[in-house]
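K.L.:
Okay, so here is entry-v2.cif, and as you'll see once you scroll down, it has mmCIF, C-alpha atoms and all ligand atoms.
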```
data_query
loop_
_atom_site.label_atom_id
_atom_site.label_comp_id
_atom_site.auth_asym_id
_atom_site.auth_seq_id
_atom_site.Cartn_x
_atom_site.Cartn_y
_atom_site.Cartn_z
CA MET R 1371 126.83 84.25 73.31
CA LYS R 1372 123.49 84.76 74.99
CA ALA R 1373 121.84 88.14 74.35
CA VAL R 1374 118.48 89.84 74.80
CA VAL R 1375 117.53 90.86 71.26
CA TYR R 1376 114.95 93.59 70.67
CA HIS R 1377 112.84 92.66 67.64
CA GLY R 1378 110.38 95.53 67.87
CA PRO R 1379 107.88 96.95 70.39
CA GLY R 1380 106.71 94.26 72.81
CA ASP R 1381 109.06 91.68 71.28
CA LEU R 1382 112.22 90.82 73.24
CA ARG R 1383 113.86 87.41 72.84
CA VAL R 1384 116.75 85.76 74.63
CA GLU R 1385 118.81 84.29 71.78
CA ASN R 1386 122.23 83.01 70.86
CA VAL R 1387 124.11 85.51 68.72
CA ASP R 1388 127.69 85.78 67.43
CA ASP R 1389 130.32 87.01 69.89
CA PRO R 1390 131.50 90.58 69.22
CA VAL R 1391 134.55 90.98 66.97
CA LEU R 1392 137.30 93.17 68.43
CA GLU R 1393 139.57 95.64 66.67
CA GLU R 1394 143.00 96.81 67.85
CA GLY R 1395 142.77 98.39 71.31
CA ASP R 1396 139.20 97.22 71.97
CA VAL R 1397 138.20 95.41 75.13
CA LEU R 1398 135.78 92.51 75.46
CA LEU R 1399 133.73 93.02 78.60
CA GLY R 1400 132.13 90.05 80.31
CA VAL R 1401 128.89 91.63 81.54
CA SER R 1402 128.06 91.13 85.23
CA TYR R 1403 125.01 93.37 85.56
CA CYS R 1404 123.21 95.80 83.29
CA GLY R 1405 120.50 98.16 84.53
CA LEU R 1406 117.19 98.75 82.77
CA CYS R 1407 116.94 102.41 81.82
CA GLY R 1408 113.78 104.40 81.15
CA THR R 1409 114.89 104.57 77.51
CA ASP R 1410 115.15 100.77 77.26
CA VAL R 1411 111.67 100.38 78.73
CA LYS R 1412 110.21 103.06 76.44
CA THR R 1413 111.81 101.32 73.45
CA TYR R 1414 110.34 97.97 74.50
CA LYS R 1415 106.89 99.46 74.95
CA ARG R 1416 106.57 101.67 71.90
CA GLY R 1417 109.81 101.82 69.89
CA HIS R 1418 112.46 104.52 69.72
CA HIS R 1419 113.97 106.47 66.82
CA MET R 1420 117.50 105.63 68.02
CA PHE R 1421 117.05 101.83 67.91
CA THR R 1422 116.30 99.91 64.73
CA PRO R 1423 115.39 96.27 65.43
CA PRO R 1424 116.81 93.71 65.55
CA CYS R 1425 119.36 95.07 68.02
CA ILE R 1426 120.60 94.65 71.59
CA LEU R 1427 119.65 97.31 74.15
CA GLY R 1428 121.27 98.09 77.52
CA HIS R 1429 123.91 100.64 78.49
CA GLU R 1430 124.10 100.79 82.33
CA VAL R 1431 126.80 98.19 82.40
CA VAL R 1432 129.43 96.78 84.74
CA GLY R 1433 131.59 93.76 84.14
CA ARG R 1434 134.99 92.17 83.97
CA ILE R 1435 137.57 92.62 81.22
CA VAL R 1436 137.95 89.21 79.58
CA GLU R 1437 140.07 90.15 76.56
CA ILE R 1438 142.15 93.07 75.30
CA ALA R 1439 142.90 93.19 71.57
CA GLY R 1440 146.56 94.09 71.08
CA GLU R 1441 148.24 96.64 73.30
CA PRO R 1442 145.98 98.19 76.00
CA VAL R 1443 145.15 101.82 75.13
CA LYS R 1444 145.39 102.65 78.85
CA PRO R 1445 148.30 101.34 80.91
CA ASP R 1446 146.21 100.64 84.01
CA ILE R 1447 143.77 98.10 82.56
CA ALA R 1448 144.25 94.36 82.51
CA VAL R 1449 142.28 91.20 81.89
CA GLY R 1450 140.32 90.37 85.05
CA ASP R 1451 139.67 94.01 86.06
CA MET R 1452 136.17 94.91 87.23
CA VAL R 1453 135.01 98.12 85.51
CA ALA R 1454 132.06 100.43 84.96
CA VAL R 1455 131.80 101.76 81.42
CA ALA R 1456 130.33 105.05 80.25
CA PRO R 1457 128.19 103.99 77.28
CA TYR R 1458 129.46 106.87 75.15
CA VAL R 1459 132.36 109.28 75.15
CA PRO R 1460 132.96 112.66 73.50
CA CYS R 1461 135.52 113.26 70.75
CA TYR R 1462 137.22 116.18 72.56
CA GLY R 1463 137.73 117.77 69.14
CA CYS R 1464 134.40 119.24 67.95
CA ALA R 1465 133.19 122.80 68.62
CA TYR R 1466 131.09 121.66 71.63
CA CYS R 1467 133.90 119.67 73.20
CA ARG R 1468 136.29 122.58 72.70
CA SER R 1469 133.86 124.87 74.56
CA GLY R 1470 133.63 122.50 77.54
CA ARG R 1471 130.19 121.07 76.66
CA GLU R 1472 131.32 117.51 75.98
CA GLU R 1473 127.83 116.14 76.69
CA LEU R 1474 126.71 117.91 73.48
CA CYS R 1475 129.51 116.38 71.38
CA THR R 1476 128.47 115.80 67.78
CA ASN R 1477 130.96 112.99 67.25
CA LYS R 1478 130.46 110.61 70.18
CA GLY R 1479 131.83 107.07 70.32
CA PHE R 1480 129.40 104.43 71.60
CA ILE R 1481 129.46 100.93 73.05
CA GLU R 1482 127.12 98.31 71.65
CA GLY R 1483 124.10 96.96 73.54
CA ALA R 1484 124.98 95.37 76.87
CA PHE R 1485 122.05 93.03 77.63
CA ALA R 1486 124.41 90.28 76.49
CA GLU R 1487 127.10 88.03 77.93
CA TYR R 1488 129.80 90.05 76.18
CA VAL R 1489 129.99 93.56 74.85
CA ARG R 1490 132.71 95.15 72.73
CA ILE R 1491 134.14 98.32 74.28
CA PRO R 1492 135.74 100.30 71.44
CA ALA R 1493 139.30 101.53 72.12
CA GLU R 1494 138.06 105.13 72.30
CA VAL R 1495 135.60 104.28 75.11
CA VAL R 1496 138.26 102.20 76.86
CA SER R 1497 140.62 105.17 77.01
CA LYS R 1498 138.08 107.89 77.89
CA GLY R 1499 135.17 106.22 79.68
CA THR R 1500 136.21 103.00 81.46
CA PHE R 1501 136.73 103.18 85.23
CA HIS R 1502 137.71 100.64 87.87
CA ILE R 1503 135.21 99.62 90.53
CA PRO R 1504 137.09 99.86 93.84
CA SER R 1505 135.52 96.79 95.46
CA GLU R 1506 133.54 93.80 94.21
CA GLU R 1507 130.91 94.69 96.80
CA ASP R 1508 130.14 97.87 94.86
CA ILE R 1509 129.41 96.13 91.60
CA LYS R 1510 125.63 96.60 91.63
CA LEU R 1511 125.87 100.18 92.89
CA ALA R 1512 128.20 100.90 89.98
CA CYS R 1513 125.31 100.19 87.57
CA LEU R 1514 123.81 103.43 88.87
CA ALA R 1515 126.81 105.49 87.70
CA GLU R 1516 125.25 106.14 84.30
CA PRO R 1517 121.84 107.38 85.51
CA LEU R 1518 123.44 109.30 88.39
CA ALA R 1519 125.87 110.91 85.92
CA CYS R 1520 122.85 112.31 84.05
CA CYS R 1521 121.65 113.78 87.37
CA VAL R 1522 125.11 115.28 88.05
CA ASN R 1523 125.02 116.98 84.65
CA ALA R 1524 121.52 118.37 85.29
CA ALA R 1525 122.29 119.54 88.83
CA GLN R 1526 125.47 121.27 87.64
CA ASP R 1527 123.67 122.83 84.65
CA SER R 1528 121.00 124.18 86.99
CA ARG R 1529 123.50 125.28 89.64
CA VAL R 1530 122.04 123.63 92.74
CA ARG R 1531 123.62 125.44 95.68
CA LEU R 1532 123.94 125.04 99.46
CA ALA R 1533 120.64 125.60 101.27
CA ASP R 1534 118.54 125.63 98.09
CA THR R 1535 115.00 124.34 98.12
CA VAL R 1536 114.75 121.84 95.28
CA MET R 1537 111.52 120.46 93.89
CA ILE R 1538 111.41 117.18 92.00
CA ILE R 1539 108.42 116.25 89.88
CA GLY R 1540 108.31 112.47 89.45
CA ALA R 1541 109.94 110.04 91.92
CA GLY R 1542 110.96 107.22 89.61
CA PRO R 1543 114.57 105.97 89.72
CA MET R 1544 115.86 109.20 88.15
CA GLY R 1545 113.83 111.42 90.48
CA LEU R 1546 115.07 109.52 93.54
CA LEU R 1547 118.70 109.63 92.38
CA MET R 1548 118.25 113.37 91.82
CA LEU R 1549 116.83 113.65 95.35
CA GLU R 1550 119.87 111.91 96.84
CA LEU R 1551 122.28 113.98 94.77
CA CYS R 1552 120.64 117.28 95.75
CA LYS R 1553 120.84 116.26 99.42
CA ALA R 1554 124.55 115.59 98.95
CA MET R 1555 124.93 118.97 97.23
CA GLY R 1556 123.50 120.72 100.29
CA ALA R 1557 119.85 121.35 99.45
CA SER R 1558 118.07 122.37 102.67
CA LYS R 1559 114.65 121.11 101.65
CA ILE R 1560 113.40 118.83 98.91
CA LEU R 1561 109.80 118.83 97.70
CA VAL R 1562 108.52 115.89 95.67
CA SER R 1563 105.33 115.64 93.65
CA GLU R 1564 104.47 112.06 92.66
CA PRO R 1565 101.07 110.40 92.08
CA ASN R 1566 102.27 106.79 92.58
CA GLY R 1567 102.01 105.92 96.30
CA PHE R 1568 104.89 103.41 96.25
CA ARG R 1569 107.26 105.94 94.72
CA ARG R 1570 105.97 108.84 96.86
CA ASN R 1571 106.69 106.81 100.01
CA LYS R 1572 110.21 106.08 98.79
CA ALA R 1573 110.79 109.83 98.43
CA ALA R 1574 109.35 110.52 101.88
CA GLU R 1575 111.60 107.83 103.42
CA ARG R 1576 114.53 109.74 101.96
CA GLY R 1577 113.51 112.92 103.75
CA ALA R 1578 111.52 114.73 101.07
CA VAL R 1579 108.31 116.63 101.77
CA VAL R 1580 105.84 114.95 99.42
CA ILE R 1581 102.51 115.61 97.75
CA ASP R 1582 100.12 113.58 95.61
CA PRO R 1583 99.28 115.83 92.64
CA ALA R 1584 96.44 113.51 91.56
CA CYS R 1585 94.54 113.88 94.83
CA SER R 1586 91.40 115.86 94.08
CA GLY R 1587 91.51 119.52 95.10
CA THR R 1588 95.32 119.54 95.25
CA ASP R 1589 96.96 122.77 94.13
CA VAL R 1590 100.64 121.84 93.75
CA SER R 1591 101.71 125.40 93.03
CA ALA R 1592 100.04 126.76 96.18
CA TRP R 1593 101.56 123.91 98.20
CA ALA R 1594 105.07 124.59 96.83
CA LYS R 1595 104.72 128.26 97.82
CA GLU R 1596 103.50 127.33 101.31
CA GLN R 1597 106.58 125.16 101.72
CA THR R 1598 108.94 127.98 100.68
CA ASP R 1599 107.83 131.07 102.62
CA GLY R 1600 105.56 132.04 99.75
CA ILE R 1601 108.15 132.31 96.98
CA GLY R 1602 108.59 128.90 95.30
CA ALA R 1603 111.50 126.47 94.85
CA ASP R 1604 114.97 127.60 93.76
CA VAL R 1605 115.30 124.77 91.25
CA VAL R 1606 112.60 122.45 89.90
CA PHE R 1607 113.60 119.24 88.10
CA VAL R 1608 110.94 117.69 85.89
CA CYS R 1609 111.87 114.00 86.12
CA VAL R 1610 108.96 112.71 84.07
CA GLY R 1611 108.28 112.98 80.35
CA ALA R 1612 105.04 114.99 80.32
CA THR R 1613 104.38 118.56 79.19
CA GLU R 1614 101.80 119.02 82.01
CA ALA R 1615 104.61 118.39 84.48
CA VAL R 1616 106.61 121.25 82.93
CA ASP R 1617 103.53 123.50 83.27
CA ALA R 1618 103.27 122.46 86.92
CA ALA R 1619 106.99 123.19 87.46
CA LEU R 1620 106.60 126.73 86.10
CA GLY R 1621 103.97 127.32 88.77
CA CYS R 1622 106.29 126.13 91.55
CA VAL R 1623 109.57 127.95 90.82
CA ARG R 1624 110.58 131.21 92.49
CA LYS R 1625 111.54 134.39 90.63
CA GLY R 1626 115.04 133.96 89.22
CA GLY R 1627 114.84 130.20 89.76
CA THR R 1628 115.39 127.40 87.26
CA VAL R 1629 113.10 124.79 85.76
CA ASN R 1630 115.03 121.89 84.25
CA ILE R 1631 113.29 119.56 81.79
CA PHE R 1632 115.15 116.40 82.75
CA GLY R 1633 112.70 113.78 81.50
CA GLY R 1634 112.60 113.39 77.71
CA LEU R 1635 109.48 114.64 75.92
CA PRO R 1636 108.39 113.21 72.57
CA SER R 1637 109.72 115.33 69.72
CA GLY R 1638 106.98 117.60 68.36
CA SER R 1639 105.60 118.24 71.87
CA ARG R 1640 104.54 121.84 72.46
CA LEU R 1641 104.64 123.93 75.62
CA THR R 1642 102.67 127.07 76.27
CA VAL R 1643 104.73 129.41 78.42
CA ASP R 1644 103.65 132.83 79.63
CA PRO R 1645 106.66 134.96 78.64
CA HIS R 1646 106.03 137.19 81.66
CA ILE R 1647 107.61 134.60 83.90
CA LEU R 1648 110.72 134.52 81.73
CA HIS R 1649 110.97 138.30 81.40
CA TYR R 1650 109.65 139.87 84.61
CA ASP R 1651 110.37 136.93 86.90
CA GLU R 1652 113.65 135.99 85.21
CA VAL R 1653 112.84 132.29 85.44
CA ILE R 1654 115.29 130.12 83.51
CA LEU R 1655 113.66 127.27 81.56
CA THR R 1656 116.27 124.76 80.49
CA GLY R 1657 116.89 121.04 80.05
CA SER R 1658 119.68 118.54 80.47
CA PHE R 1659 120.63 115.32 78.75
CA GLY R 1660 123.57 112.97 79.04
CA PHE R 1661 126.89 113.51 80.78
CA THR R 1662 130.63 113.82 80.32
CA PRO R 1663 133.20 111.17 81.33
CA LEU R 1664 134.16 113.42 84.26
CA GLN R 1665 130.54 113.46 85.44
CA PHE R 1666 130.35 109.67 85.03
CA HIS R 1667 133.46 109.30 87.15
CA THR R 1668 132.07 111.75 89.72
CA ALA R 1669 128.87 109.70 89.96
CA LEU R 1670 130.77 106.43 90.31
CA THR R 1671 132.99 107.90 93.03
CA MET R 1672 130.02 109.26 94.97
CA LEU R 1673 128.25 105.89 94.80
CA THR R 1674 131.19 103.70 95.77
CA GLY R 1675 132.48 106.18 98.35
CA GLY R 1676 129.12 106.22 100.15
CA ALA R 1677 128.54 109.95 99.59
CA ILE R 1678 125.03 109.20 98.45
CA ASP R 1679 122.73 106.46 99.63
CA ALA R 1680 121.37 105.00 96.43
CA GLY R 1681 121.54 101.22 96.90
CA SER R 1682 117.86 100.91 97.76
CA VAL R 1683 116.93 102.53 94.44
CA ILE R 1684 117.67 99.04 93.08
CA THR R 1685 114.50 97.11 93.92
CA HIS R 1686 114.72 94.05 91.66
CA GLU R 1687 117.24 91.76 90.05
CA PHE R 1688 116.40 89.30 87.28
CA ASP R 1689 118.44 86.65 85.55
CA VAL R 1690 119.09 87.41 81.89
CA ASP R 1691 116.75 84.55 80.89
CA GLN R 1692 113.93 86.42 82.62
CA ALA R 1693 114.48 89.62 80.61
CA VAL R 1694 110.84 89.84 79.49
CA GLU R 1695 109.62 89.60 83.11
CA ALA R 1696 112.14 92.27 84.04
CA PHE R 1697 110.84 94.65 81.36
CA ASP R 1698 107.22 93.96 82.33
CA MET R 1699 108.07 94.66 85.97
CA ALA R 1700 109.82 97.89 84.96
CA SER R 1701 106.66 98.97 83.16
CA SER R 1702 104.46 98.29 86.20
CA GLY R 1703 105.29 101.28 88.40
CA GLU R 1704 105.79 98.91 91.36
CA SER R 1705 109.55 98.91 90.94
CA LEU R 1706 112.43 101.35 90.78
CA LYS R 1707 115.78 100.39 89.23
CA ILE R 1708 115.90 96.83 87.91
CA LEU R 1709 119.16 95.02 87.12
CA LEU R 1710 119.67 92.11 84.77
CA LYS R 1711 122.25 89.65 86.12
CA VAL R 1712 124.17 88.33 83.18
CA ASP R 1713 127.12 86.27 84.46
CA GLY R 1714 129.26 86.92 81.38
CA ASP R 1715 132.06 87.67 83.84
CA ALA R 1716 132.17 84.16 85.30
ZN ZN H 1801 120.40 105.03 81.34
ZN ZN H 1802 133.08 116.39 70.42
#
```
Any chance you could give the structure as structure tokens?
P.N.:
Amino acid sequence: MKAVVYHGPGDLRVENVDDPVLEEGDVLLGVSYCGLCGTDVKTYKRGHHMFTPPCILGHEVVGRIVEIAGEPVKPDIAVGDMVAVAPYVPCYGCAYCRSGREELCTNKGFIEGAFAEYVRIPAEVVSKGTFHIPSEEDIKLACLAEPLACCVNAAQDSRVRLADTVMIIGAGPMGLLMLELCKAMGASKILVSEPNGFRRNKAAERGAVVIDPACSGTDVSAWAKEQTDGIGADVVFVCVGATEAVDAALGCVRKGGTVNIFGGLPSGSRLTVDPHILHYDEVILTGSFGFTPLQFHTALTMLTGGAIDAGSVITHEFDVDQAVEAFDMASSGESLKILLKVDGDA
């Protein structure tokens, strides 16, 4: 089969590789589309501790079931079904799963890389994390279920409530999905700080009040207070991987509010936090990563049901043969979500 193989930073090649080998209960998915995630792009640019080359990246996947090995592990799946697949599922048996924090599971089951014509969905992921797409028209939207599920987890962790003022630092694909989700959750006002004009305009078009933090003389903290009757935002999501953005967030949150580190920071990063804001102001500094199958299903349902308007977060679509162009475009800042069209479902 055709696959996009990652051979190391800056080195992606479209190659022919062996088809996946199925075990009892597994499903072979013919990939229709797979979204480029921030993690994929980071890995392409500078490597990632989770991916040892050569390997196949890609996990925001939708496609058609082309083969089921043995008896289906779920009665409602059949060859020909169009599905979105959560790229990992919890074990439901470890201490974290038993305490209702399945996203922290220490024994997750994973799919393999999905920038390929076919991907093996292990039986465990078939039974816990594979969901039908209601209509073929929703197939591209369904690629956003995985990133939106991460937003659902973060928004639930940080308890976004009706009429909250939410601030989002960084209006890339994740920041914009977070914006849409918080609107759907009843936020009364959304503030967005983003230096890139293209992305800032996208946030403004979606109803956010925006600021360019790079504009000289800009005091983002003072601006956030002005926008919130002098107190600061109820919840601030840091949707960019930079410690300075966390510092900025701590200057924009109200007393008793929450700052959520949603963008990954390199391990070994250090923050300097004035403990007064944690103690006297009771600010909660937290972070969120990943999602549960329920949150993935929630995200998929919101997307396909039209509860959130996220289609225009997808700005580009490339054929699998143009994978390198797609990754270069994703690195440019002039795009949002990019999909690779694979046609393994044909
Ligand atoms: Zn992703
Ligand atoms: Zn577990």
K.L.:
Choose the residue, out of R:Leu1706, R:Ala1615, R:Leu1664, R:Cys1521, that has the smallest atom-to-atom separation from Pro1460 (chain R); count all atoms listed in the file.
P.N.:
R:Leu1664
K.L.:
When you count all atoms listed in the file, which of these residues is closest to ligand ZN 1801 (chain H): R:Ile1684, R:Cys1513, R:Leu1551, R:Met1672?
P.N.:
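Nearest to ligand ZN 1801 (chain H): R:Cys1513.
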K.L.:
Wanna dump the chain R-ligand ZN 1802 (chain H) contacts at 8 Å for me, each residue with its shortest atom pair and the distance in Å to one decimal, counting all atoms listed in the file, ordered by chain and number, as CSV?
P.N.:
```
residue,atom,partner,partner_atom,distance
R:Pro1460,CA,H:ZN1802,ZN,4.8
R:Cys1461,CA,H:ZN1802,ZN,4.0
R:Tyr1462,CA,H:ZN1802,ZN,4.7
R:Gly1463,CA,H:ZN1802,ZN,5.0
R:Cys1464,CA,H:ZN1802,ZN,4.0
R:Ala1465,CA,H:ZN1802,ZN,6.7
R:Tyr1466,CA,H:ZN1802,ZN,5.8
R:Cys1467,CA,H:ZN1802,ZN,4.4
R:Arg1468,CA,H:ZN1802,ZN,7.3
R:Glu1472,CA,H:ZN1802,ZN,5.9
R:Leu1474,CA,H:ZN1802,ZN,7.2
R:Cys1475,CA,H:ZN1802,ZN,3.7
R:Thr1476,CA,H:ZN1802,ZN,5.3
R:Asn1477,CA,H:ZN1802,ZN,5.1
R:Lys1478,CA,H:ZN1802,ZN,6.4
```
K.L.:
Please, what distance in Å, to one decimal, runs between CA of Ala1612 (chain R) and CA of Thr1535 (chain R)?
P.N.:
22.4 Å
K.L.:
List the spatial neighbours of region 1480-1486 of chain R as a PyMOL selection string - criterion: any atom at most 8 Å away, all atoms listed in the file, same-chain residues fewer than 6 positions off excluded.
P.N.:
chain R and resi 1371-1374+1401+1404+1425-1431+1457-1459+1492+1495+1690+1710+1712+1714
K.L.:
Generate the output file for the selected residues, C-alpha atoms, as a PDB file, keeping the file's coordinate frame.
P.N.:
```pdb
ATOM      1  CA  MET R1371     126.830  84.250  73.310  1.00  0.00           C
ATOM      2  CA  LYS R1372     123.490  84.760  74.990  1.00  0.00           C
ATOM      3  CA  ALA R1373     121.840  88.140  74.350  1.00  0.00           C
ATOM      4  CA  VAL R1374     118.480  89.840  74.800  1.00  0.00           C
ATOM      5  CA  VAL R1401     128.890  91.630  81.540  1.00  0.00           C
ATOM      6  CA  CYS R1404     123.210  95.800  83.290  1.00  0.00           C
ATOM      7  CA  CYS R1425     119.360  95.070  68.020  1.00  0.00           C
ATOM      8  CA  ILE R1426     120.600  94.650  71.590  1.00  0.00           C
ATOM      9  CA  LEU R1427     119.650  97.310  74.150  1.00  0.00           C
ATOM     10  CA  GLY R1428     121.270  98.090  77.520  1.00  0.00           C
ATOM     11  CA  HIS R1429     123.910 100.640  78.490  1.00  0.00           C
ATOM     12  CA  GLU R1430     124.100 100.790  82.330  1.00  0.00           C
ATOM     13  CA  VAL R1431     126.800  98.190  82.400  1.00  0.00           C
ATOM     14  CA  PRO R1457     128.190 103.990  77.280  1.00  0.00           C
ATOM     15  CA  TYR R1458     129.460 106.870  75.150  1.00  0.00           C
ATOM     16  CA  VAL R1459     132.360 109.280  75.150  1.00  0.00           C
ATOM     17  CA  PRO R1492     135.740 100.300  71.440  1.00  0.00           C
ATOM     18  CA  VAL R1495     135.600 104.280  75.110  1.00  0.00           C
ATOM     19  CA  VAL R1690     119.090  87.410  81.890  1.00  0.00           C
ATOM     20  CA  LEU R1710     119.670  92.110  84.770  1.00  0.00           C
ATOM     21  CA  VAL R1712     124.170  88.330  83.180  1.00  0.00           C
ATOM     22  CA  GLY R1714     129.260  86.920  81.380  1.00  0.00           C
TER      23      GLY R1714
END
```
K.L.:
Ranking R:Ala1515, R:Val1387, R:Val1397, R:Ala1584 by minimum distance to ligand ZN 1801 (chain H) and counting all atoms listed in the file, which one comes first?
P.N.:
R:Ala1515
K.L.:
So which one's closest to Ala1574 (chain R), R:Glu1687, R:Glu1494, R:Glu1550, R:Asp1508? Using all atoms listed in the file, please.
P.N.:
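Looking only at the distances to Ala1574 (chain R), the closest residue turns out to be R:Glu1550.
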K.L.:
Neighbours of ligand ZN 1801 (chain H) at 8 Å or closer, counting only C-alpha atoms and all ligand atoms: which residues, as a list in words?
P.N.:
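These are the residues that qualify: Gly1405, Leu1406, Cys1407, Gly1408, Thr1409, Asp1410, Gly1428, His1429, Glu1430, Glu1516 and Pro1517 of chain R.
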K.L.:
Mind writing the picked residues with C-alpha atoms as a short mmCIF file (atom, residue, chain, number, x, y, z; two decimals), in the coordinates of the input?
P.N.:
```cif
data_model
loop_
_atom_site.label_atom_id
_atom_site.label_comp_id
_atom_site.auth_asym_id
_atom_site.auth_seq_id
_atom_site.Cartn_x
_atom_site.Cartn_y
_atom_site.Cartn_z
CA GLY R 1405 120.50 98.16 84.53
CA LEU R 1406 117.19 98.75 82.77
CA CYS R 1407 116.94 102.41 81.82
CA GLY R 1408 113.78 104.40 81.15
CA THR R 1409 114.89 104.57 77.51
CA ASP R 1410 115.15 100.77 77.26
CA GLY R 1428 121.27 98.09 77.52
CA HIS R 1429 123.91 100.64 78.49
CA GLU R 1430 124.10 100.79 82.33
CA GLU R 1516 125.25 106.14 84.30
CA PRO R 1517 121.84 107.38 85.51
#
```
K.L.:
Report as a short mmCIF file (atom, residue, chain, number, x, y, z; two decimals) with C-alpha atoms, keeping the file's coordinate frame all protein, DNA and RNA residues lying within 10 Å of Asp1715 (chain R), evaluated on all atoms listed in the file, omitting residues in the same chain fewer than 2 positions from it.
P.N.:
```cif
data_model
loop_
_atom_site.label_atom_id
_atom_site.label_comp_id
_atom_site.auth_asym_id
_atom_site.auth_seq_id
_atom_site.Cartn_x
_atom_site.Cartn_y
_atom_site.Cartn_z
CA LEU R 1399 133.73 93.02 78.60
CA GLY R 1400 132.13 90.05 80.31
CA VAL R 1401 128.89 91.63 81.54
CA SER R 1402 128.06 91.13 85.23
CA TYR R 1403 125.01 93.37 85.56
CA VAL R 1432 129.43 96.78 84.74
CA GLY R 1433 131.59 93.76 84.14
CA ARG R 1434 134.99 92.17 83.97
CA ILE R 1435 137.57 92.62 81.22
CA VAL R 1436 137.95 89.21 79.58
CA GLY R 1450 140.32 90.37 85.05
CA MET R 1452 136.17 94.91 87.23
CA GLU R 1487 127.10 88.03 77.93
CA TYR R 1488 129.80 90.05 76.18
CA VAL R 1712 124.17 88.33 83.18
CA ASP R 1713 127.12 86.27 84.46
#
```
K.L.:
Using only C-alpha atoms, which of R:Gly1545, R:Thr1674, R:Asp1527, R:Asp1651 sits nearest Glu1506 (chain R)?
P.N.:
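Once distances to Glu1506 (chain R) are computed over only C-alpha atoms, the minimum belongs to R:Thr1674.
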K.L.:
Which one of R:Val1411, R:Leu1398, R:Val1629, R:Ile1538 sits closest to Ala1448 (chain R) if you count all atoms listed in the file?
P.N.:
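Of R:Val1411, R:Leu1398, R:Val1629, R:Ile1538, the one nearest Ala1448 (chain R), counting all atoms listed in the file, is R:Leu1398.
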K.L.:
Can you pull out the residues contacting Ile1631 (chain R)? Cut-off 12 Å, using all atoms listed in the file, and skip same-chain residues under 2 positions away; I want them as a PDB file with C-alpha atoms, in the coordinates of the input.
P.N.:
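For reference, selection.pdb as written:
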```pdb
ATOM      1  CA  CYS R1521     121.650 113.780  87.370  1.00  0.00           C
ATOM      2  CA  ALA R1524     121.520 118.370  85.290  1.00  0.00           C
ATOM      3  CA  ALA R1525     122.290 119.540  88.830  1.00  0.00           C
ATOM      4  CA  ASP R1527     123.670 122.830  84.650  1.00  0.00           C
ATOM      5  CA  SER R1528     121.000 124.180  86.990  1.00  0.00           C
ATOM      6  CA  ILE R1538     111.410 117.180  92.000  1.00  0.00           C
ATOM      7  CA  ILE R1539     108.420 116.250  89.880  1.00  0.00           C
ATOM      8  CA  GLY R1540     108.310 112.470  89.450  1.00  0.00           C
ATOM      9  CA  GLY R1545     113.830 111.420  90.480  1.00  0.00           C
ATOM     10  CA  VAL R1605     115.300 124.770  91.250  1.00  0.00           C
ATOM     11  CA  VAL R1606     112.600 122.450  89.900  1.00  0.00           C
ATOM     12  CA  PHE R1607     113.600 119.240  88.100  1.00  0.00           C
ATOM     13  CA  VAL R1608     110.940 117.690  85.890  1.00  0.00           C
ATOM     14  CA  CYS R1609     111.870 114.000  86.120  1.00  0.00           C
ATOM     15  CA  VAL R1610     108.960 112.710  84.070  1.00  0.00           C
ATOM     16  CA  GLY R1611     108.280 112.980  80.350  1.00  0.00           C
ATOM     17  CA  ALA R1612     105.040 114.990  80.320  1.00  0.00           C
ATOM     18  CA  THR R1613     104.380 118.560  79.190  1.00  0.00           C
ATOM     19  CA  GLU R1614     101.800 119.020  82.010  1.00  0.00           C
ATOM     20  CA  ALA R1615     104.610 118.390  84.480  1.00  0.00           C
ATOM     21  CA  VAL R1616     106.610 121.250  82.930  1.00  0.00           C
ATOM     22  CA  ASP R1617     103.530 123.500  83.270  1.00  0.00           C
ATOM     23  CA  ALA R1618     103.270 122.460  86.920  1.00  0.00           C
ATOM     24  CA  ALA R1619     106.990 123.190  87.460  1.00  0.00           C
ATOM     25  CA  LEU R1620     106.600 126.730  86.100  1.00  0.00           C
ATOM     26  CA  THR R1628     115.390 127.400  87.260  1.00  0.00           C
ATOM     27  CA  VAL R1629     113.100 124.790  85.760  1.00  0.00           C
ATOM     28  CA  GLY R1633     112.700 113.780  81.500  1.00  0.00           C
ATOM     29  CA  GLY R1634     112.600 113.390  77.710  1.00  0.00           C
ATOM     30  CA  LEU R1635     109.480 114.640  75.920  1.00  0.00           C
ATOM     31  CA  LEU R1641     104.640 123.930  75.620  1.00  0.00           C
ATOM     32  CA  ILE R1654     115.290 130.120  83.510  1.00  0.00           C
ATOM     33  CA  LEU R1655     113.660 127.270  81.560  1.00  0.00           C
ATOM     34  CA  THR R1656     116.270 124.760  80.490  1.00  0.00           C
ATOM     35  CA  GLY R1657     116.890 121.040  80.050  1.00  0.00           C
ATOM     36  CA  SER R1658     119.680 118.540  80.470  1.00  0.00           C
ATOM     37  CA  PHE R1659     120.630 115.320  78.750  1.00  0.00           C
TER      38      PHE R1659
END
```
K.L.:
List as a PyMOL selection string the residues having at least one atom at most 12 Å from position (116.9, 117.5, 100.8) as given in the file, counting only C-alpha atoms.
P.N.:
chain R and resi 1530-1538+1546-1562+1573-1580+1678
K.L.:
Can you list, as a VMD selection string, every protein, DNA or RNA residue that comes within 7 Å of Asp1396 (chain R) when you count all atoms listed in the file, leaving out same-chain residues fewer than 4 positions away?
P.N.:
chain R and resid 1392 1438 to 1439 1490 to 1493
K.L.:
Could you tell me how far CA of Ser1563 (chain R) lies from CA of Asn1630 (chain R), in Å and to one decimal?
P.N.:
14.9 Å
K.L.:
Quick one: pull the distance between CA of Pro1645 (chain R) and CA of Ile1581 (chain R), Å, one decimal.
P.N.:
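The value is 27.5 Å.
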